[in-house]
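Below: work.txt (compact mmCIF, C-alpha atoms)
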# COMPACT_ATOMS: atom_id res chain seq x y z
CA MET A 1 20.08 -48.20 157.39
CA ILE A 2 19.21 -44.62 156.88
CA ALA A 3 21.19 -42.19 158.85
CA SER A 4 19.47 -39.15 160.31
CA PRO A 5 21.22 -35.86 159.92
CA HIS A 6 22.92 -34.52 163.01
CA HIS A 7 23.85 -30.92 163.57
CA ALA A 8 26.88 -29.83 165.45
CA GLY A 9 25.12 -26.80 167.03
CA PRO A 10 21.62 -25.57 167.74
CA HIS A 11 19.39 -24.99 164.73
CA HIS A 12 17.55 -21.63 164.33
CA ALA A 13 14.44 -21.66 162.22
CA GLY A 14 13.75 -17.83 162.31
CA ILE A 15 15.31 -14.47 162.98
CA THR A 16 16.43 -13.32 166.38
CA LEU A 17 15.02 -10.44 168.36
CA ILE A 18 18.19 -8.41 167.80
CA GLU A 19 17.91 -8.84 164.02
CA THR A 20 14.29 -7.68 164.20
CA ILE A 21 15.17 -4.58 166.25
CA ILE A 22 18.00 -3.66 163.88
CA SER A 23 15.69 -4.04 160.87
CA VAL A 24 13.02 -1.86 162.50
CA LEU A 25 15.60 0.83 163.32
CA ILE A 26 16.90 0.86 159.73
CA VAL A 27 13.38 1.17 158.31
CA ALA A 28 12.51 3.91 160.85
CA GLY A 29 15.65 5.84 159.91
CA LEU A 30 14.78 5.62 156.23
CA PHE A 31 11.23 6.75 156.97
CA VAL A 32 12.42 9.77 158.98
CA ALA A 33 14.82 10.74 156.17
CA ALA A 34 12.04 10.45 153.57
CA VAL A 35 9.61 12.56 155.62
CA SER A 36 12.32 15.16 156.25
CA THR A 37 13.13 15.35 152.53
CA LEU A 38 9.45 15.69 151.66
CA GLY A 39 9.04 18.48 154.24
CA ALA A 40 12.05 20.35 152.85
CA ALA A 41 10.73 20.00 149.30
CA ARG A 42 7.32 21.35 150.29
CA SER A 43 8.90 24.23 152.16
CA ALA A 44 11.04 25.11 149.13
CA GLU A 45 7.97 24.88 146.90
CA SER A 46 6.07 27.20 149.23
CA ARG A 47 8.92 29.76 149.27
CA THR A 48 9.14 29.63 145.48
CA ALA A 49 5.38 30.20 145.12
CA GLU A 50 5.56 33.07 147.61
CA ARG A 51 8.38 34.72 145.63
CA LEU A 52 6.47 34.28 142.35
CA HIS A 53 3.42 35.98 143.89
CA ALA A 54 5.65 38.78 145.18
CA GLN A 55 7.22 39.25 141.74
CA ALA A 56 3.77 39.45 140.17
CA LEU A 57 2.70 42.06 142.76
CA ALA A 58 5.82 44.13 142.04
CA GLU A 59 5.45 43.89 138.26
CA ASP A 60 1.77 44.82 138.44
CA LEU A 61 2.54 47.97 140.43
CA ILE A 62 5.51 48.92 138.20
CA SER A 63 3.20 48.65 135.16
CA GLU A 64 0.61 50.86 136.85
CA ILE A 65 3.25 53.48 137.69
CA LEU A 66 4.83 53.45 134.22
CA ALA A 67 1.42 54.23 132.71
CA GLN A 68 1.47 57.59 134.53
CA PRO A 69 2.90 60.83 133.08
CA TYR A 70 6.48 61.71 134.00
CA ASP A 71 5.51 64.95 135.75
CA HIS A 72 2.36 66.06 137.50
CA PRO A 73 0.39 68.31 135.14
CA THR A 74 -0.04 71.08 137.76
CA ALA A 75 2.99 70.62 140.06
CA PRO A 76 6.50 72.00 139.60
CA ALA A 77 8.85 69.65 137.75
CA LEU A 78 11.04 69.02 140.80
CA ALA A 79 8.21 68.33 143.22
CA VAL A 80 8.24 64.91 144.83
CA ALA A 81 5.16 63.79 146.71
CA ASP A 82 5.00 61.67 149.85
CA ALA A 83 2.26 59.08 149.48
CA SER A 84 3.10 57.16 152.67
CA GLY A 85 -0.41 57.51 154.10
CA ASP A 86 -2.44 56.91 150.95
CA THR A 87 -4.33 53.70 150.27
CA ASP A 88 -6.35 54.86 147.25
CA ARG A 89 -4.26 55.51 144.11
CA LEU A 90 -7.09 56.43 141.73
CA GLY A 91 -6.29 60.14 141.95
CA TYR A 92 -2.59 59.77 141.21
CA GLN A 93 -1.58 61.83 138.17
CA SER A 94 2.17 61.28 137.78
CA LEU A 95 5.13 59.16 138.82
CA ASN A 96 5.83 61.50 141.72
CA ASP A 97 2.48 60.71 143.34
CA TYR A 98 3.73 57.19 144.07
CA HIS A 99 6.88 58.25 145.95
CA ARG A 100 6.98 56.58 149.39
CA TRP A 101 3.67 54.85 148.78
CA PHE A 102 3.27 51.87 151.12
CA SER A 103 0.51 49.33 151.61
CA SER A 104 0.10 46.32 153.87
CA PRO A 105 -1.67 44.24 152.75
CA PRO A 106 -1.27 45.04 149.04
CA ARG A 107 -4.24 46.92 147.60
CA THR A 108 -5.89 47.55 144.25
CA PRO A 109 -5.80 51.12 142.86
CA ASP A 110 -9.16 51.86 144.52
CA GLY A 111 -7.77 50.84 147.93
CA THR A 112 -9.39 47.41 148.22
CA PRO A 113 -7.08 44.95 150.01
CA LEU A 114 -6.01 42.00 147.86
CA THR A 115 -7.15 38.72 149.38
CA GLY A 116 -4.63 36.03 150.23
CA TYR A 117 -1.76 38.46 150.86
CA ASP A 118 -1.90 38.90 154.63
CA GLY A 119 1.57 39.74 155.91
CA PHE A 120 2.70 41.05 152.50
CA SER A 121 3.52 44.71 151.90
CA ARG A 122 4.45 46.83 148.87
CA GLU A 123 6.45 50.02 148.89
CA VAL A 124 7.52 52.45 146.18
CA GLU A 125 10.49 54.76 145.91
CA ILE A 126 10.84 57.28 143.07
CA THR A 127 14.22 58.97 142.67
CA ARG A 128 15.83 61.15 140.05
CA ALA A 129 18.65 59.32 138.29
CA ASP A 130 21.80 60.37 136.50
CA PRO A 131 21.38 59.16 132.89
CA THR A 132 24.99 57.99 132.57
CA THR A 133 25.45 56.18 135.91
CA LEU A 134 21.80 55.67 136.98
CA ALA A 135 22.87 56.77 140.47
CA SER A 136 20.49 58.94 142.47
CA THR A 137 20.81 62.68 141.99
CA THR A 138 19.08 65.76 143.35
CA THR A 139 18.70 67.49 140.00
CA ASP A 140 16.07 66.67 137.43
CA THR A 141 17.95 64.97 134.59
CA GLY A 142 14.87 63.73 132.76
CA VAL A 143 15.32 60.21 134.17
CA LYS A 144 13.51 58.72 137.17
CA ARG A 145 14.19 55.38 138.78
CA ILE A 146 11.13 53.58 140.11
CA THR A 147 11.75 50.91 142.73
CA VAL A 148 8.98 48.63 143.98
CA ARG A 149 9.70 46.27 146.89
CA VAL A 150 7.46 43.46 148.09
CA ARG A 151 8.01 41.99 151.54
CA ARG A 152 6.48 39.41 153.79
CA GLY A 153 7.19 40.69 157.26
CA ASP A 154 10.82 41.84 157.20
CA LEU A 155 11.83 39.46 154.39
CA LEU A 156 12.33 41.10 150.99
CA LEU A 157 10.71 38.75 148.45
CA ALA A 158 10.90 40.84 145.28
CA GLU A 159 12.34 44.10 144.07
CA ARG A 160 11.68 45.55 140.63
CA VAL A 161 13.37 48.61 139.21
CA ALA A 162 12.29 50.52 136.12
CA LEU A 163 13.54 53.69 134.52
CA ARG A 164 11.32 56.33 133.02
CA THR A 165 12.42 59.32 130.99
CA ALA A 166 10.71 62.62 130.39
CA ALA A 167 11.14 62.03 126.64
CA TRP A 168 9.13 58.80 126.68
CA ALA A 169 5.49 59.21 125.72
CA GLU A 170 2.58 56.93 125.01
CA PRO A 171 2.18 56.28 121.29
CA GLN A 172 -0.63 58.43 119.94
CA LEU A 173 -2.79 57.44 116.98
CA SER A 174 -3.80 60.31 114.80
CA GLY A 175 -6.34 60.06 112.06
CA GLU A 176 -6.51 56.52 110.76
CA SER A 177 -5.95 53.43 112.86
CA TRP A 178 -2.80 51.36 112.34
CA ARG A 179 -4.93 48.21 112.45
CA GLU A 180 -6.48 48.75 109.03

Please express what this file holds, its structure, as structure tokens.
Amino acid sequence: MIASPHHAGPHHAGITLIETIISVLIVAGLFVAAVSTLGAARSAESRTAERLHAQALAEDLISEILAQPYDHPTAPALAVADASGDTDRLGYQSLNDYHRWFSSPPRTPDGTPLTGYDGFSREVEITRADPTTLASTTTDTGVKRITVRVRRGDLLLAERVALRTAAWAEPQLSGESWRE
């Protein structure tokens, strides 16, 4: 005689509703955490890209300013301009012409707004600097500190500082070219 198996309690062939709900909640929690992490990563990536663009804007303007003569050819040596209302920089003839220059949005030297930089602004401050401490001074020591700041709204994204001396001059080629 073959005996049939008997069970002491009820037999469950599947999972219960409570087990299903708990599994769904665990998966939903993991999904929310993954989406949150992805959002934070994209936000950080966006902020990094924004700061890189701001640094490039600052470096571009610093380079433009450093290409200018130390002093204005026709102005007194201690004169400092106020360029706060200018948009066009094509007529600038010295470092001093850039003092207090401001633009929002950033602009090319001819005053054309740069596309893709809505909400960004650039500002310039030119100060005389003590050659030993680099602190600001009211006397002309032959050193100027150029500060360019790039902001988006009120948030400072980049600041670049360069020093320029009256003794520095563009290399001049005389006679034969050095490329020979």

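Atom CA of Trp101 of chain A sits 16.8 Å away from atom CA of Pro69 of chain A.
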
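Of the listed residues (A:Pro106, A:Ile62, A:Ile26, A:Ala67), A:Ile62 comes nearest to Arg145 of chain A; the distances count all atoms listed in the file.
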
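For the atom pair formed by atom CA of Asp60 of chain A and atom CA of Asp130 of chain A, the distance is 25.4 Å, given to one decimal.
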
Legend entry - Who sits within 12 Å of Glu64 of chain A, all atoms listed in the file, same chain under 4 positions skipped, as a list in words: Leu57, Ala58, Glu59, Asp60, Gln68, Pro69, Arg89, Leu90, Tyr92, Gln93, Ser94, Leu95, Asp97, Tyr98, Thr108, Pro109, Val124, Ile146, Val148 and Ala162 of chain A

Legend entry - Computed interatomic separation between atom CA of Arg160 of chain A and atom CA of Ala40 of chain A (Å): 28.0 Å

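Distances from A:Arg122, A:Arg128, A:Lys144, A:Arg107 to Glu159 of chain A were compared using only C-alpha atoms, and the smallest one belongs to A:Arg122.
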